[in-house]
file work03.txt (compact mmCIF, C-alpha atoms)
# COMPACT_ATOMS: atom_id res chain seq x y z
CA MET A 1 -4.49 -0.67 -0.98
CA PRO A 2 -3.72 0.57 -4.50
CA ALA A 3 -4.75 -1.70 -7.38
CA LEU A 4 -1.77 -2.09 -9.72
CA LEU A 5 -0.96 -4.01 -12.89
CA ILE A 6 2.27 -5.98 -12.60
CA GLY A 7 3.90 -6.93 -15.90
CA SER A 8 6.55 -9.37 -17.04
CA ASN A 9 7.52 -11.16 -20.21
CA VAL A 10 6.65 -14.86 -20.04
CA ASP A 11 8.17 -16.96 -22.81
CA GLY A 12 8.80 -13.73 -24.69
CA LYS A 13 5.20 -12.46 -24.43
CA PRO A 14 4.00 -9.62 -22.18
CA ASN A 15 1.66 -10.65 -19.39
CA PHE A 16 -0.02 -8.63 -16.64
CA MET A 17 -1.59 -9.47 -13.31
CA THR A 18 -3.44 -7.26 -10.87
CA ALA A 19 -1.92 -6.85 -7.44
CA ALA A 20 -2.95 -4.82 -4.43
CA TRP A 21 -0.60 -6.49 -1.96
CA CYS A 22 2.16 -4.02 -2.78
CA GLY A 23 4.04 -1.36 -0.87
CA ILE A 24 6.85 1.14 -1.01
CA ALA A 25 9.94 -0.41 0.57
CA ASN A 26 12.64 2.23 0.38
CA SER A 27 13.12 5.83 -0.71
CA ASN A 28 16.80 5.94 -1.63
CA PRO A 29 17.26 4.00 -3.82
CA PRO A 30 13.51 3.77 -4.57
CA MET A 31 12.18 0.26 -4.06
CA LEU A 32 8.78 -1.40 -3.78
CA THR A 33 7.33 -4.73 -2.79
CA VAL A 34 4.87 -6.94 -4.66
CA ALA A 35 3.44 -10.07 -3.03
CA VAL A 36 2.75 -12.71 -5.68
CA GLN A 37 1.33 -16.22 -5.35
CA HIS A 38 3.90 -18.77 -6.49
CA HIS A 39 1.75 -20.26 -9.25
CA ARG A 40 1.14 -16.95 -11.02
CA HIS A 41 2.02 -16.80 -14.70
CA THR A 42 3.47 -13.29 -14.26
CA TYR A 43 5.72 -14.55 -11.45
CA LYS A 44 7.22 -17.09 -13.85
CA GLY A 45 8.27 -14.17 -16.04
CA ILE A 46 9.62 -12.17 -13.10
CA LYS A 47 11.86 -15.07 -12.08
CA GLU A 48 12.97 -15.74 -15.65
CA SER A 49 13.85 -12.18 -16.59
CA GLY A 50 14.73 -10.59 -13.23
CA VAL A 51 12.71 -7.50 -14.13
CA PHE A 52 9.07 -6.46 -14.02
CA SER A 53 6.83 -3.44 -14.41
CA VAL A 54 4.33 -1.77 -12.12
CA ASN A 55 1.62 0.06 -14.02
CA ILE A 56 -0.82 2.35 -12.19
CA PRO A 57 -4.20 2.12 -13.92
CA SER A 58 -6.63 5.03 -13.77
CA SER A 59 -10.25 4.83 -12.63
CA ASP A 60 -11.27 4.56 -16.28
CA GLN A 61 -9.46 1.21 -16.49
CA VAL A 62 -11.25 -0.56 -13.64
CA LYS A 63 -12.67 -3.29 -15.92
CA GLU A 64 -9.27 -4.13 -17.36
CA THR A 65 -7.77 -4.03 -13.86
CA ASP A 66 -10.31 -6.49 -12.48
CA TYR A 67 -10.02 -8.73 -15.55
CA CYS A 68 -6.23 -9.04 -15.15
CA GLY A 69 -6.81 -10.18 -11.57
CA VAL A 70 -9.30 -12.97 -12.28
CA ILE A 71 -7.95 -14.49 -15.50
CA SER A 72 -4.60 -16.30 -15.84
CA GLY A 73 -2.24 -15.38 -18.63
CA ALA A 74 -1.57 -19.09 -19.01
CA LYS A 75 -5.11 -19.38 -20.45
CA GLU A 76 -5.80 -16.08 -22.19
CA ASP A 77 -3.79 -13.35 -23.90
CA LYS A 78 -4.75 -10.59 -21.49
CA THR A 79 -2.79 -7.96 -23.41
CA ALA A 80 -4.89 -8.63 -26.51
CA VAL A 81 -8.22 -8.84 -24.66
CA CYS A 82 -7.55 -5.53 -22.90
CA GLY A 83 -6.16 -3.94 -26.04
CA PHE A 84 -3.09 -2.72 -24.18
CA LYS A 85 -0.39 -1.04 -26.24
CA VAL A 86 2.86 -2.39 -24.78
CA TYR A 87 6.18 -0.59 -24.95
CA TYR A 88 9.60 -1.22 -23.42
CA GLY A 89 12.02 1.13 -21.70
CA HIS A 90 15.48 1.04 -20.21
CA LEU A 91 15.25 -2.46 -18.75
CA LEU A 92 14.25 -3.83 -22.19
CA ALA A 93 12.25 -6.81 -20.83
CA ALA A 94 9.73 -5.13 -18.50
CA PRO A 95 6.52 -4.62 -20.52
CA LEU A 96 4.86 -1.23 -19.93
CA ILE A 97 1.20 -0.40 -20.59
CA GLU A 98 0.95 2.80 -22.62
CA GLU A 99 -2.67 3.43 -21.53
CA CYS A 100 -1.74 3.50 -17.82
CA PRO A 101 -0.80 6.99 -16.58
CA VAL A 102 2.22 5.74 -14.61
CA ASN A 103 4.69 2.96 -15.50
CA LEU A 104 7.56 1.89 -13.27
CA GLU A 105 10.40 -0.30 -14.51
CA CYS A 106 11.73 -2.49 -11.72
CA LYS A 107 14.72 -4.77 -11.24
CA VAL A 108 14.37 -7.68 -8.81
CA MET A 109 16.62 -7.14 -5.76
CA HIS A 110 15.27 -9.78 -3.35
CA ILE A 111 12.64 -12.51 -3.34
CA LEU A 112 11.44 -13.85 0.02
CA ASN A 113 9.27 -16.96 0.23
CA LEU A 114 6.87 -16.02 3.02
CA GLY A 115 4.34 -18.84 2.60
CA SER A 116 1.36 -18.41 0.29
CA HIS A 117 3.15 -15.56 -1.46
CA ALA A 118 6.62 -14.67 -2.67
CA LEU A 119 7.57 -11.13 -1.67
CA VAL A 120 9.35 -9.55 -4.60
CA ILE A 121 11.41 -6.47 -3.72
CA GLY A 122 12.23 -4.43 -6.80
CA GLU A 123 14.29 -1.33 -7.33
CA ILE A 124 12.49 1.27 -9.44
CA LYS A 125 14.97 1.97 -12.22
CA GLU A 126 12.78 4.24 -14.33
CA THR A 127 9.45 6.05 -13.95
CA HIS A 128 7.23 7.09 -16.84
CA VAL A 129 4.29 9.44 -16.27
CA SER A 130 1.87 10.46 -19.02
CA GLU A 131 2.35 14.09 -20.01
CA ASP A 132 -1.31 14.87 -19.36
CA CYS A 133 -1.01 13.62 -15.76
CA MET A 134 1.73 16.10 -14.86
CA THR A 135 1.26 19.55 -13.31
CA GLU A 136 4.18 21.92 -12.89
CA GLY A 137 6.61 19.09 -13.64
CA GLU A 138 5.24 16.78 -10.93
CA PRO A 139 2.93 13.73 -11.14
CA ASP A 140 -0.57 14.94 -10.20
CA VAL A 141 -2.65 12.35 -8.38
CA HIS A 142 -5.84 14.23 -9.29
CA LYS A 143 -5.08 13.58 -12.96
CA ILE A 144 -3.70 10.06 -12.49
CA LYS A 145 -6.92 9.01 -10.69
CA PRO A 146 -5.57 5.78 -9.14
CA ILE A 147 -7.80 2.90 -7.99
CA ALA A 148 -8.03 1.74 -4.38
CA PHE A 149 -9.06 -1.82 -3.50
CA SER A 150 -10.43 -3.18 -0.27
CA VAL A 151 -11.30 -6.62 1.06
CA GLY A 152 -13.47 -7.40 4.08
CA LEU A 153 -17.22 -7.02 3.66
CA ASN A 154 -16.79 -4.84 0.59
CA LYS A 155 -14.62 -6.27 -2.14
CA GLU A 156 -14.72 -3.16 -4.24
CA TYR A 157 -12.65 -0.67 -6.18
CA TYR A 158 -12.77 3.00 -5.18
CA GLY A 159 -11.61 6.27 -6.60
CA LEU A 160 -9.67 8.73 -4.50
CA GLY A 161 -12.03 10.72 -2.27
CA ASP A 162 -12.12 14.27 -1.02
CA VAL A 163 -8.97 16.00 0.16
CA LEU A 164 -9.03 15.75 3.96
CA ALA A 165 -6.00 17.90 4.67
CA THR A 166 -2.56 18.96 3.51
CA ALA A 167 0.20 16.64 4.74
CA PHE A 168 3.11 17.83 6.91
CA SER A 169 0.94 20.78 7.86
CA VAL A 170 -2.44 19.99 9.46
CA GLY A 171 -0.75 18.04 12.26
CA MET A 172 0.94 21.15 13.60
CA GLU A 173 -2.46 22.25 14.89
CA MET A 174 -2.19 19.47 17.47
CA LYS A 175 0.61 21.34 19.20
CA LYS A 176 -1.76 24.19 19.99
CA ARG A 177 -4.18 21.91 21.80
CA PRO A 178 -3.88 21.37 25.55
CA THR A 179 -2.09 18.14 26.37
CA HIS A 180 -4.33 15.32 27.55
CA SER A 181 -3.11 13.29 30.48
CA MET B 182 -0.92 4.55 -0.10
CA PRO B 183 -2.77 4.08 3.19
CA ALA B 184 -1.71 6.34 6.08
CA LEU B 185 -1.10 4.16 9.14
CA LEU B 186 0.07 4.65 12.71
CA ILE B 187 2.89 2.29 13.64
CA GLY B 188 3.35 1.71 17.36
CA SER B 189 6.07 0.31 19.60
CA ASN B 190 7.18 0.63 23.18
CA VAL B 191 10.39 2.63 23.49
CA ASP B 192 12.04 2.45 26.89
CA GLY B 193 8.73 1.14 28.23
CA LYS B 194 6.63 3.98 26.83
CA PRO B 195 4.24 3.71 23.86
CA ASN B 196 5.25 5.70 20.79
CA PHE B 197 3.63 6.05 17.37
CA MET B 198 4.82 7.15 13.96
CA THR B 199 2.89 7.67 10.77
CA ALA B 200 3.84 5.47 7.83
CA ALA B 201 2.45 5.17 4.34
CA TRP B 202 5.32 3.11 2.92
CA CYS B 203 3.59 -0.11 3.95
CA GLY B 204 2.18 -3.11 2.12
CA ILE B 205 0.64 -6.52 2.53
CA ALA B 206 3.36 -9.13 2.13
CA ASN B 207 1.63 -12.49 2.53
CA SER B 208 -1.84 -13.95 3.00
CA ASN B 209 -1.14 -17.18 4.81
CA PRO B 210 0.21 -16.54 7.36
CA PRO B 211 -0.82 -12.88 7.15
CA MET B 212 2.18 -10.54 6.96
CA LEU B 213 2.80 -6.93 6.14
CA THR B 214 5.72 -4.64 5.43
CA VAL B 215 6.57 -1.28 6.98
CA ALA B 216 9.47 0.78 5.65
CA VAL B 217 11.03 2.82 8.46
CA GLN B 218 13.95 5.24 8.46
CA HIS B 219 16.75 3.95 10.66
CA HIS B 220 16.80 6.95 13.00
CA ARG B 221 13.11 6.73 13.90
CA HIS B 222 12.24 6.56 17.58
CA THR B 223 9.53 3.95 16.89
CA TYR B 224 12.06 1.79 15.04
CA LYS B 225 14.20 1.70 18.17
CA GLY B 226 11.25 0.15 20.00
CA ILE B 227 10.55 -2.32 17.18
CA LYS B 228 14.13 -3.59 17.33
CA GLU B 229 14.15 -3.73 21.14
CA SER B 230 10.85 -5.56 21.59
CA GLY B 231 10.53 -7.54 18.34
CA VAL B 232 6.86 -6.55 18.10
CA PHE B 233 4.89 -3.57 16.85
CA SER B 234 1.37 -2.44 16.08
CA VAL B 235 -0.29 -1.13 12.95
CA ASN B 236 -3.25 1.12 13.69
CA ILE B 237 -5.57 2.25 10.91
CA PRO B 238 -6.78 5.77 11.69
CA SER B 239 -10.10 7.01 10.38
CA SER B 240 -10.65 10.20 8.39
CA ASP B 241 -11.66 11.90 11.64
CA GLN B 242 -8.10 11.41 12.93
CA VAL B 243 -6.24 13.12 10.11
CA LYS B 244 -4.73 15.77 12.39
CA GLU B 245 -3.35 13.18 14.81
CA THR B 246 -2.10 11.12 11.85
CA ASP B 247 -0.20 14.03 10.37
CA TYR B 248 1.17 15.10 13.74
CA CYS B 249 2.62 11.64 14.41
CA GLY B 250 4.43 11.89 11.08
CA VAL B 251 6.12 15.24 11.63
CA ILE B 252 7.08 15.13 15.31
CA SER B 253 9.61 12.71 16.84
CA GLY B 254 8.71 10.72 19.93
CA ALA B 255 12.22 11.45 21.16
CA LYS B 256 11.11 15.05 21.65
CA GLU B 257 7.42 14.92 22.51
CA ASP B 258 5.03 12.46 24.14
CA LYS B 259 2.82 11.99 21.08
CA THR B 260 0.46 9.64 22.91
CA ALA B 261 -0.32 12.38 25.44
CA VAL B 262 -0.59 15.19 22.88
CA CYS B 263 -3.00 13.11 20.75
CA GLY B 264 -4.89 11.88 23.79
CA PHE B 265 -4.66 8.29 22.59
CA LYS B 266 -5.98 5.63 24.95
CA VAL B 267 -3.43 2.81 24.66
CA TYR B 268 -4.20 -0.84 25.36
CA TYR B 269 -2.24 -4.05 24.92
CA GLY B 270 -3.28 -7.40 23.47
CA HIS B 271 -1.81 -10.86 22.96
CA LEU B 272 1.73 -9.72 22.19
CA LEU B 273 1.81 -7.69 25.43
CA ALA B 274 4.34 -5.11 24.21
CA ALA B 275 2.69 -3.79 21.01
CA PRO B 276 0.78 -0.62 22.00
CA LEU B 277 -2.67 -0.33 20.38
CA ILE B 278 -4.65 2.89 19.89
CA GLU B 279 -8.20 2.42 21.12
CA GLU B 280 -9.53 5.35 19.05
CA CYS B 281 -8.36 3.78 15.78
CA PRO B 282 -10.99 1.49 14.21
CA VAL B 283 -8.48 -1.25 13.34
CA ASN B 284 -5.44 -2.42 15.36
CA LEU B 285 -3.05 -5.13 14.19
CA GLU B 286 -0.55 -6.78 16.52
CA CYS B 287 2.58 -7.79 14.63
CA LYS B 288 5.65 -9.86 15.37
CA VAL B 289 8.87 -9.02 13.52
CA MET B 290 9.82 -11.83 11.12
CA HIS B 291 12.49 -10.16 8.99
CA ILE B 292 14.26 -6.82 8.79
CA LEU B 293 16.04 -5.88 5.56
CA ASN B 294 18.35 -2.89 5.37
CA LEU B 295 17.54 -1.50 1.92
CA GLY B 296 19.30 1.87 2.18
CA SER B 297 17.46 4.90 3.51
CA HIS B 298 14.88 2.61 5.12
CA ALA B 299 14.72 -0.66 7.01
CA LEU B 300 12.00 -2.91 5.63
CA VAL B 301 10.27 -4.54 8.58
CA ILE B 302 8.25 -7.65 7.72
CA GLY B 303 5.80 -8.51 10.46
CA GLU B 304 3.38 -11.37 10.92
CA ILE B 305 -0.07 -10.18 11.96
CA LYS B 306 -0.75 -12.17 15.11
CA GLU B 307 -4.01 -10.53 16.11
CA THR B 308 -6.53 -8.16 14.55
CA HIS B 309 -8.88 -5.90 16.52
CA VAL B 310 -11.74 -4.10 14.79
CA SER B 311 -14.09 -1.69 16.55
CA GLU B 312 -17.56 -3.19 16.92
CA ASP B 313 -19.15 -0.18 15.21
CA CYS B 314 -16.96 -0.71 12.11
CA MET B 315 -18.24 -4.24 11.50
CA THR B 316 -21.15 -5.26 9.27
CA GLU B 317 -22.40 -8.83 9.19
CA GLY B 318 -19.30 -9.99 11.05
CA GLU B 319 -16.85 -8.44 8.58
CA PRO B 320 -14.75 -5.26 8.74
CA ASP B 321 -16.60 -2.61 6.72
CA VAL B 322 -14.34 -0.14 4.94
CA HIS B 323 -17.20 2.34 4.62
CA LYS B 324 -17.34 2.54 8.41
CA ILE B 325 -13.58 2.37 8.97
CA LYS B 326 -13.07 5.36 6.63
CA PRO B 327 -9.30 4.92 6.12
CA ILE B 328 -6.99 7.71 5.00
CA ALA B 329 -5.03 7.64 1.74
CA PHE B 330 -1.82 9.62 1.30
CA SER B 331 -0.10 10.74 -1.86
CA VAL B 332 3.16 12.44 -2.71
CA GLY B 333 4.09 14.13 -5.99
CA LEU B 334 2.55 17.55 -6.66
CA ASN B 335 -0.14 17.01 -4.02
CA LYS B 336 1.09 16.01 -0.60
CA GLU B 337 -2.36 15.45 0.78
CA TYR B 338 -4.58 13.06 2.69
CA TYR B 339 -7.72 11.74 1.03
CA GLY B 340 -10.80 9.84 2.05
CA LEU B 341 -11.97 6.83 0.11
CA GLY B 342 -13.91 7.92 -2.98
CA ASP B 343 -16.88 6.56 -4.86
CA VAL B 344 -17.27 2.86 -5.47
CA LEU B 345 -16.06 2.30 -9.03
CA ALA B 346 -17.01 -1.37 -9.33
CA THR B 347 -17.31 -4.68 -7.53
CA ALA B 348 -14.06 -6.67 -7.54
CA PHE B 349 -13.77 -10.16 -9.06
CA SER B 350 -16.86 -9.32 -11.08
CA VAL B 351 -16.69 -6.25 -13.33
CA GLY B 352 -13.67 -7.68 -15.19
CA MET B 353 -15.71 -10.54 -16.58
CA GLU B 354 -17.38 -8.02 -18.90
CA MET B 355 -14.05 -7.85 -20.76
CA LYS B 356 -14.54 -11.38 -21.99
CA LYS B 357 -17.66 -10.32 -23.88
CA ARG B 358 -15.77 -7.67 -25.81
CA PRO B 359 -14.23 -8.50 -29.20
CA THR B 360 -10.51 -9.18 -28.91
CA HIS B 361 -8.24 -6.38 -30.09
CA SER B 362 -5.29 -7.32 -32.22
call {"tool": "encode", "arguments": {"input": "work03.txt", "output": "structure tokens"}}
result
Amino acid sequence: MPALLIGSNVDGKPNFMTAAWCGIANSNPPMLTVAVQHHRHTYKGIKESGVFSVNIPSSDQVKETDYCGVISGAKEDKTAVCGFKVYYGHLLAAPLIEECPVNLECKVMHILNLGSHALVIGEIKETHVSEDCMTEGEPDVHKIKPIAFSVGLNKEYYGLGDVLATAFSVGMEMKKRPTHS
Amino acid sequence: MPALLIGSNVDGKPNFMTAAWCGIANSNPPMLTVAVQHHRHTYKGIKESGVFSVNIPSSDQVKETDYCGVISGAKEDKTAVCGFKVYYGHLLAAPLIEECPVNLECKVMHILNLGSHALVIGEIKETHVSEDCMTEGEPDVHKIKPIAFSVGLNKEYYGLGDVLATAFSVGMEMKKRPTHS
């Protein structure tokens, strides 16, 4: 799963938590999901303001990403410790991390209490991509260098690996193979 | 995002579609989300049976993974073309791909119509991991070799890259750094 930094303003101050239990929920309009434990400081801000941010850190920010996942904003000013420059966009109250190559501004559409976690479904109202992570007017994942996270035996962060194949293309080779039965 | 093969029985026959718009929704009980376009053949089976499978393909199965994303099961028997051996587990009607290192059996808990996609929230009722992808009794992501997918400029599949850091550990180094202000 991708390791992401979720941001909200709590009592007027920006706070960020790391989340990997996220997903894309809809294409039109664009929406995503974030699963958040109920006691999280960031979740308090999401409920209060009705908006939040999703910031995609790059591989260079793996320390900051891990730190925001283990420390609570109720105890430490994570923005200050990480030295994040925070800016605001169209939604006004969703804090965005300037150092992260991609920032999404999200408006809460639904919250489902599923048990240990609340599933927050947010509509992506605005997307900001660093100029130096764009190629031919499109976000370039090779420049963004996102972080993957896995549990199981290996609780580790990974970079993106080798290109295996081009999507919507390599699969057509299957049609040329004899059908198994 | 991870590239996954979502399975359901449609009119009694196993069918699979590729999905990357997925996420983990809850830890206890374990739940996940899959965003599916309403017209999808697999979605028909999910609605009919109330169960589905999530199969994690390995990097070796990138052709099959792409194929299941571009071809509709209404037109071709994807299971036959891919040569998938299908088995069933506790939920009886969620078809599982034996060749995939990880198979999850899911029961539909909620379906939200968000626009272009239906967001299916499923509880993971059973998890199957290939013996040769386990290390010390835990699923080992280095043996599973999952596939990542990205849109934007590069519509490609990727393997998992280098280990960047150990999670819940490397972030503690931030605390030793002087606080920015």
call {"tool": "atom_distance", "arguments": {"input": "work03.txt", "atom1": "CA of Asn190 in chain B", "atom2": "CA of His219 in chain B"}}
result
16.1 Å
call {"tool": "interface_residues", "arguments": {"input": "work03.txt", "of": "chain B", "to": "chain A", "cutoff": "7 Å", "atoms": "only C-alpha atoms", "output": "MDAnalysis selection string"}}
result
chainID B and resid 182:183 202:210 216 244:245 247:248 251 261:262 264 295:298 300 319:322 333:349 351:353 355 360:362
call {"tool": "residues_around", "arguments": {"input": "work03.txt", "residues": "Val129 in chain A", "least_positions_apart": "6", "cutoff": "9 Å", "atoms": "all atoms listed in the file", "output": "list in words"}}
result
Cys100, Pro101, Val102, Asn103, Leu104, Pro139 and Ile144 of chain A
call {"tool": "atom_distance", "arguments": {"input": "work03.txt", "atom1": "CA of Val86 in chain A", "atom2": "CA of His41 in chain A"}}
result
17.6 Å
call {"tool": "residues_around", "arguments": {"input": "work03.txt", "residues": "Val51 in chain A", "least_positions_apart": "2", "cutoff": "10 Å", "atoms": "all atoms listed in the file", "output": "list in words"}}
result
Gly7, Ser8, Asn9, Gly45, Ile46, Lys47, Glu48, Ser49, Ser53, Leu91, Leu92, Ala93, Ala94, Pro95, Glu105, Cys106, Lys107, Val108, Met109, Gly122, Glu123, Ile124 and Lys125 of chain A
call {"tool": "atom_distance", "arguments": {"input": "work03.txt", "atom1": "CA of Lys145 in chain A", "atom2": "CA of Tyr87 in chain A"}}
result
21.6 Å
call {"tool": "closest_residue", "arguments": {"input": "work03.txt", "among": "B:Gly231, B:Pro327, B:Gly193, B:Pro238", "to": "Glu279 in chain B", "atoms": "all atoms listed in the file"}}
result
B:Pro238
call {"tool": "closest_residue", "arguments": {"input": "work03.txt", "among": "B:Leu277, B:Lys225, B:Gly254, B:Cys314", "to": "Met198 in chain B", "atoms": "only C-alpha atoms"}}
result
B:Gly254
